[in-house]
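Notes follow once the structure below has been shown.
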Amino acid sequence: MSTNYDHNTLPEFISEDLEPSQLFQLSCKLSNEVARLSKIVGGYEVAFKTAQRNYKNQLSEEIVLHREVKTATVLKAIAESEPYVKELAVILDQSEVLLIMAKAELDGRDKQYQGIKKLIDLKVQELRTFRG
């Protein structure tokens, strides 16, 4: 059976017409890809938490420096407008975007991996049924 499956790359979509050997190879590649992406997501989670902590710490420092302002809303606005706090807010936003994108990619690959596992189970079930 002929498919457009390239053994060197992971497909965007999975065909139900894959041969057992192709399913096995794809299952192994997807398993490795899920593991690789899990490590990357872990790194992005650490980076996000670090950026979040740095932002909160700097914001707190700025609030203490401007504590003479009596209104909490104005105090927070002044602290948030400080250049270093703004810079850390941008870093925090960027790290959050990377984390969200990486989690989405991981989720997509994991869904493909789960789909391949189900296809393998179906093929095994078909073989058992036909062999009787």
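Note on naming: chains are A, B, ... as they come in the structure tokens, residues start from 1 per chain, ligands start from 1 in the order shown.
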#### Entry: Contacts of Leu127 of chain A at 12 Å (only C-alpha atoms; same-chain gap of 6+ positions) as a PyMOL selection string
chain A and resi 20+120-121
### Task
Extract, using only C-alpha atoms, all DNA, RNA and protein residues at most 9 Å from Asp110 of chain A, discarding same-chain residues fewer than 5 positions from it, and format them as number ranges by chain.
A: 30-31, 33-34, 105, 115
Would you export the selected residues with C-alpha atoms as a PDB file, in the first residue's frame, please?
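Full text of result39.pdb as output:
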ATOM      1  CA  LEU A  30       6.297  10.216  18.259  1.00  0.00           C
ATOM      2  CA  SER A  31       7.225   8.767  21.637  1.00  0.00           C
ATOM      3  CA  GLU A  33       9.208  13.596  20.168  1.00  0.00           C
ATOM      4  CA  VAL A  34       6.802  13.706  23.120  1.00  0.00           C
ATOM      5  CA  GLU A 105       2.882  21.591  20.363  1.00  0.00           C
ATOM      6  CA  GLY A 115      -3.886   8.113  17.912  1.00  0.00           C
TER       7      GLY A 115
END
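Using only C-alpha atoms, the smallest distance between any of A:Arg128, A:Ser38, A:Asp93, A:Lys56 and Lys76 of chain A comes from A:Lys56.
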### Query
Got a sec: who's within 12 Å of Leu75 of chain A, counting only C-alpha atoms, leaving out chain neighbours fewer than 4 positions off, as a PyMOL selection string?
chain A and resi 59-71+79-82
### alpha helix (DSSP H) residues, from DSSP on the backbone, in chain A, as number ranges by chain
A: 20-65, 72-80, 83-131
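The space between atom CA of Phe24 of chain A and atom CA of Val41 of chain A spans 25.5 Å.
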### Task
With a distance cut-off of 12 Å and only C-alpha atoms, select the neighbouring residues of Ile91 of chain A, excluding the residue or stretch itself and same-chain residues fewer than 6 positions from it, and output the selection as a PyMOL selection string.
chain A and resi 47-55+84-85+97-98
Taking C-alpha atoms for each residue, export the selection above as an mmCIF file, in the first residue's frame.
data_model
loop_
_atom_site.group_PDB
_atom_site.id
_atom_site.type_symbol
_atom_site.label_atom_id
_atom_site.label_comp_id
_atom_site.auth_asym_id
_atom_site.auth_seq_id
_atom_site.Cartn_x
_atom_site.Cartn_y
_atom_site.Cartn_z
ATOM 1 C CA ALA A 47 11.903 30.275 32.621
ATOM 2 C CA PHE A 48 8.327 31.502 33.067
ATOM 3 C CA LYS A 49 8.383 30.993 36.851
ATOM 4 C CA THR A 50 11.751 32.762 37.055
ATOM 5 C CA ALA A 51 10.483 35.693 34.979
ATOM 6 C CA GLN A 52 7.344 35.834 37.105
ATOM 7 C CA ARG A 53 9.360 35.869 40.322
ATOM 8 C CA ASN A 54 11.755 38.541 38.999
ATOM 9 C CA TYR A 55 8.837 40.734 37.918
ATOM 10 C CA TYR A 84 12.982 47.987 34.793
ATOM 11 C CA VAL A 85 9.538 46.751 35.843
ATOM 12 C CA VAL A 97 3.880 32.967 25.116
ATOM 13 C CA LEU A 98 6.730 30.485 24.592
#
